[in-house]
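Shown next, in structure tokens, is the structure this report addresses.
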Amino acid sequence: MHKVVRDIGLFVVAPLAILGGLTAWMFAATAQPCSNAITQQVASPDGRFNAVVFVRSCTTAPGFSSNISILVKDGILADGPGNLFASDGHPEQLGFSLQWQSTGKDSLQLNVTSKIRGTVFHSDPVWSANPKITATYQLGNTRTNSGG
């Protein structure tokens with residue numbers, strides 16, 4: 001009788017436990033630690049770019065972050081933080097408003113305002129992919145042209 005119980009444990013329970021552990025590991029290894037959800041998009045006056053506000057949430061940290069990326073027309077939002085701006089808080093709570101304006105031949109400026117200022121992680125005054133695109137920020141009661 002002990003041999004039957006041992007054999008059941010050896011040939012049935014142990015492989016099921018190993019299979020369960022491998023399955024859990026595979027799901028954990030392939031699970032996305034962060035996700036992005038677009039809340040607002042504004043096309044540039046020339047139609048070549050989109051400013052995208054999105055909320056980013058990560059399983060490794062509590063809460064949300066508000067992010068802004070500039071994308072070329074029909075560009076796809078990368079699975080990462082904003083390429084122009086990031087702060088704590090949800091975009092709907094912070095109350096973002098975006099406005100583009102032309103500032104010269106092929107030059108654009110994105111004006112970013114929010115009702116509330118969260119803790120700013122980064123705010124770039126120039127889009128790194130195109131130095132002819134600049135940004136200003138008025139976050140809560142603070143206005144800056146140099147990235148906040």
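Residue names in the structure tokens use chain letters A, B, ... in the order shown, residue numbers from 1 in each chain, and ligand numbers from 1 in the order shown.
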
> Which residues, written as a ChimeraX atom specification, have at least one atom at most 10 Å from region 77-94 of chain A, with only C-alpha atoms counted and residues fewer than 2 positions away on the same chain left out?
Replying inline: /A:32,34-40,51-57,63-72,74-75,96-97,112-129,134-135,137,139-140,147-148

Please produce an output containing N, CA and C atoms for each residue in the selection, written as a short mmCIF file (atom, residue, chain, number, x, y, z; two decimals), in the first residue's frame.
```cif
data_model
loop_
_atom_site.label_atom_id
_atom_site.label_comp_id
_atom_site.auth_asym_id
_atom_site.auth_seq_id
_atom_site.Cartn_x
_atom_site.Cartn_y
_atom_site.Cartn_z
N GLN A 32 3.13 41.82 -18.80
CA GLN A 32 3.65 43.17 -18.96
C GLN A 32 3.64 43.87 -17.61
N CYS A 34 4.00 47.03 -17.09
CA CYS A 34 3.34 48.33 -17.21
C CYS A 34 2.40 48.32 -18.41
N SER A 35 1.38 49.17 -18.34
CA SER A 35 0.48 49.33 -19.48
C SER A 35 0.17 50.80 -19.68
N ASN A 36 -0.07 51.17 -20.93
CA ASN A 36 -0.39 52.55 -21.30
C ASN A 36 -1.79 52.60 -21.88
N ALA A 37 -2.54 53.65 -21.54
CA ALA A 37 -3.88 53.86 -22.09
C ALA A 37 -4.02 55.33 -22.48
N ILE A 38 -4.27 55.57 -23.76
CA ILE A 38 -4.39 56.93 -24.27
C ILE A 38 -5.66 57.57 -23.75
N THR A 39 -5.54 58.82 -23.26
CA THR A 39 -6.71 59.56 -22.80
C THR A 39 -7.03 60.76 -23.68
N GLN A 40 -6.06 61.20 -24.48
CA GLN A 40 -6.28 62.39 -25.31
C GLN A 40 -5.24 62.42 -26.44
N ALA A 51 0.19 64.89 -30.49
CA ALA A 51 0.56 64.92 -29.07
C ALA A 51 -0.43 63.99 -28.38
N VAL A 52 0.10 63.04 -27.62
CA VAL A 52 -0.72 62.01 -27.00
C VAL A 52 -0.54 62.06 -25.50
N VAL A 53 -1.66 62.24 -24.78
CA VAL A 53 -1.66 62.14 -23.32
C VAL A 53 -2.10 60.72 -22.99
N PHE A 54 -1.35 60.07 -22.09
CA PHE A 54 -1.74 58.72 -21.71
C PHE A 54 -1.42 58.48 -20.24
N VAL A 55 -2.18 57.55 -19.69
CA VAL A 55 -1.97 57.13 -18.31
C VAL A 55 -1.15 55.85 -18.35
N ARG A 56 -0.18 55.78 -17.48
CA ARG A 56 0.70 54.60 -17.39
C ARG A 56 0.54 54.02 -15.99
N SER A 57 0.28 52.72 -15.94
CA SER A 57 0.20 52.05 -14.65
C SER A 57 1.11 50.83 -14.70
N GLY A 63 -0.32 53.20 -8.05
CA GLY A 63 -0.76 54.46 -8.62
C GLY A 63 -0.56 54.55 -10.12
N PHE A 64 -0.74 55.78 -10.61
CA PHE A 64 -0.68 56.06 -12.04
C PHE A 64 0.34 57.15 -12.29
N SER A 65 0.77 57.24 -13.55
CA SER A 65 1.54 58.40 -13.96
C SER A 65 0.92 58.95 -15.24
N SER A 66 1.00 60.27 -15.38
CA SER A 66 0.51 60.96 -16.57
C SER A 66 1.70 61.19 -17.48
N ASN A 67 1.53 60.91 -18.75
CA ASN A 67 2.62 61.00 -19.70
C ASN A 67 2.15 61.68 -20.97
N ILE A 68 3.09 62.36 -21.64
CA ILE A 68 2.81 62.96 -22.94
C ILE A 68 3.93 62.54 -23.88
N SER A 69 3.53 62.05 -25.05
CA SER A 69 4.48 61.72 -26.10
C SER A 69 4.07 62.44 -27.36
N ILE A 70 5.06 62.78 -28.16
CA ILE A 70 4.80 63.27 -29.51
C ILE A 70 5.12 62.13 -30.45
N LEU A 71 4.18 61.88 -31.35
CA LEU A 71 4.33 60.81 -32.33
C LEU A 71 4.18 61.39 -33.73
N VAL A 72 4.87 60.79 -34.68
CA VAL A 72 4.61 61.16 -36.06
C VAL A 72 3.22 60.66 -36.41
N ASP A 74 0.20 58.75 -37.54
CA ASP A 74 0.00 57.31 -37.62
C ASP A 74 1.07 56.51 -36.87
N GLY A 75 1.83 57.18 -36.00
CA GLY A 75 2.81 56.48 -35.18
C GLY A 75 2.13 55.68 -34.08
N PHE A 96 -5.29 67.90 -17.93
CA PHE A 96 -4.40 68.36 -18.99
C PHE A 96 -5.17 68.98 -20.15
N SER A 97 -4.55 70.01 -20.72
CA SER A 97 -5.02 70.63 -21.96
C SER A 97 -3.80 70.86 -22.83
N VAL A 112 1.36 72.95 -22.92
CA VAL A 112 0.74 71.98 -22.02
C VAL A 112 0.31 72.72 -20.76
N THR A 113 -0.96 72.61 -20.42
CA THR A 113 -1.45 73.17 -19.16
C THR A 113 -2.16 72.08 -18.38
N SER A 114 -2.15 72.24 -17.07
CA SER A 114 -2.92 71.34 -16.21
C SER A 114 -3.48 72.15 -15.06
N LYS A 115 -4.61 71.71 -14.54
CA LYS A 115 -5.24 72.40 -13.41
C LYS A 115 -4.45 72.16 -12.13
N ILE A 116 -3.88 70.96 -12.01
CA ILE A 116 -3.15 70.57 -10.81
C ILE A 116 -1.76 70.12 -11.22
N ARG A 117 -0.78 70.42 -10.40
CA ARG A 117 0.60 70.00 -10.68
C ARG A 117 0.91 68.76 -9.84
N GLY A 118 1.27 67.69 -10.51
CA GLY A 118 1.76 66.50 -9.84
C GLY A 118 3.27 66.60 -9.71
N THR A 119 3.87 65.62 -9.10
CA THR A 119 5.33 65.56 -9.04
C THR A 119 5.85 65.24 -10.44
N VAL A 120 6.66 66.13 -11.00
CA VAL A 120 7.14 65.97 -12.36
C VAL A 120 8.37 65.07 -12.36
N PHE A 121 8.31 63.99 -13.17
CA PHE A 121 9.44 63.09 -13.32
C PHE A 121 10.39 63.59 -14.40
N HIS A 122 9.84 64.05 -15.50
CA HIS A 122 10.64 64.71 -16.53
C HIS A 122 9.72 65.55 -17.42
N SER A 123 10.23 66.67 -17.88
CA SER A 123 9.50 67.54 -18.79
C SER A 123 10.53 68.22 -19.69
N ASP A 124 10.56 67.79 -20.92
CA ASP A 124 11.56 68.28 -21.85
C ASP A 124 11.07 69.51 -22.59
N PRO A 125 11.91 70.54 -22.70
CA PRO A 125 11.52 71.75 -23.43
C PRO A 125 11.62 71.59 -24.94
N VAL A 126 12.32 70.55 -25.40
CA VAL A 126 12.48 70.28 -26.83
C VAL A 126 12.29 68.79 -27.04
N TRP A 127 11.51 68.44 -28.08
CA TRP A 127 11.33 67.02 -28.39
C TRP A 127 12.63 66.50 -28.97
N SER A 128 13.17 65.47 -28.39
CA SER A 128 14.49 64.98 -28.77
C SER A 128 14.56 64.48 -30.22
N ALA A 129 13.46 64.05 -30.79
CA ALA A 129 13.46 63.55 -32.16
C ALA A 129 13.43 64.67 -33.21
N THR A 134 9.11 72.44 -29.79
CA THR A 134 9.38 72.81 -28.40
C THR A 134 8.10 72.68 -27.58
N ALA A 135 8.26 72.77 -26.27
CA ALA A 135 7.11 72.65 -25.38
C ALA A 135 7.22 73.66 -24.25
N TYR A 137 5.14 74.51 -20.42
CA TYR A 137 4.32 73.84 -19.42
C TYR A 137 3.78 74.87 -18.44
N LEU A 139 1.75 74.14 -15.22
CA LEU A 139 1.24 73.06 -14.39
C LEU A 139 0.77 73.63 -13.08
N GLY A 140 -0.53 73.62 -12.87
CA GLY A 140 -1.07 74.28 -11.69
C GLY A 140 -0.83 75.76 -11.82
N GLY A 147 11.04 73.23 -19.08
CA GLY A 147 10.84 71.85 -18.69
C GLY A 147 10.38 71.61 -17.27
N GLY A 148 10.12 72.58 -16.49
CA GLY A 148 9.41 72.46 -15.25
C GLY A 148 10.05 71.90 -14.09
#
```

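Pairwise distance (CA of Asn130 (chain A), CA of Pro45 (chain A)) equals 15.8 Å.
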
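As for CA of Thr60 (chain A) and CA of Gln41 (chain A), they are spaced 26.9 Å apart.
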
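Shortest separation to Trp100 (chain A) among A:Asn50, A:Pro33, A:Lys73, A:Ala61 occurs at residue A:Asn50, atoms counted being only C-alpha atoms.
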
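A straight line drawn from CA of Ile133 (chain A) to CA of Leu108 (chain A) is 4.8 Å long.
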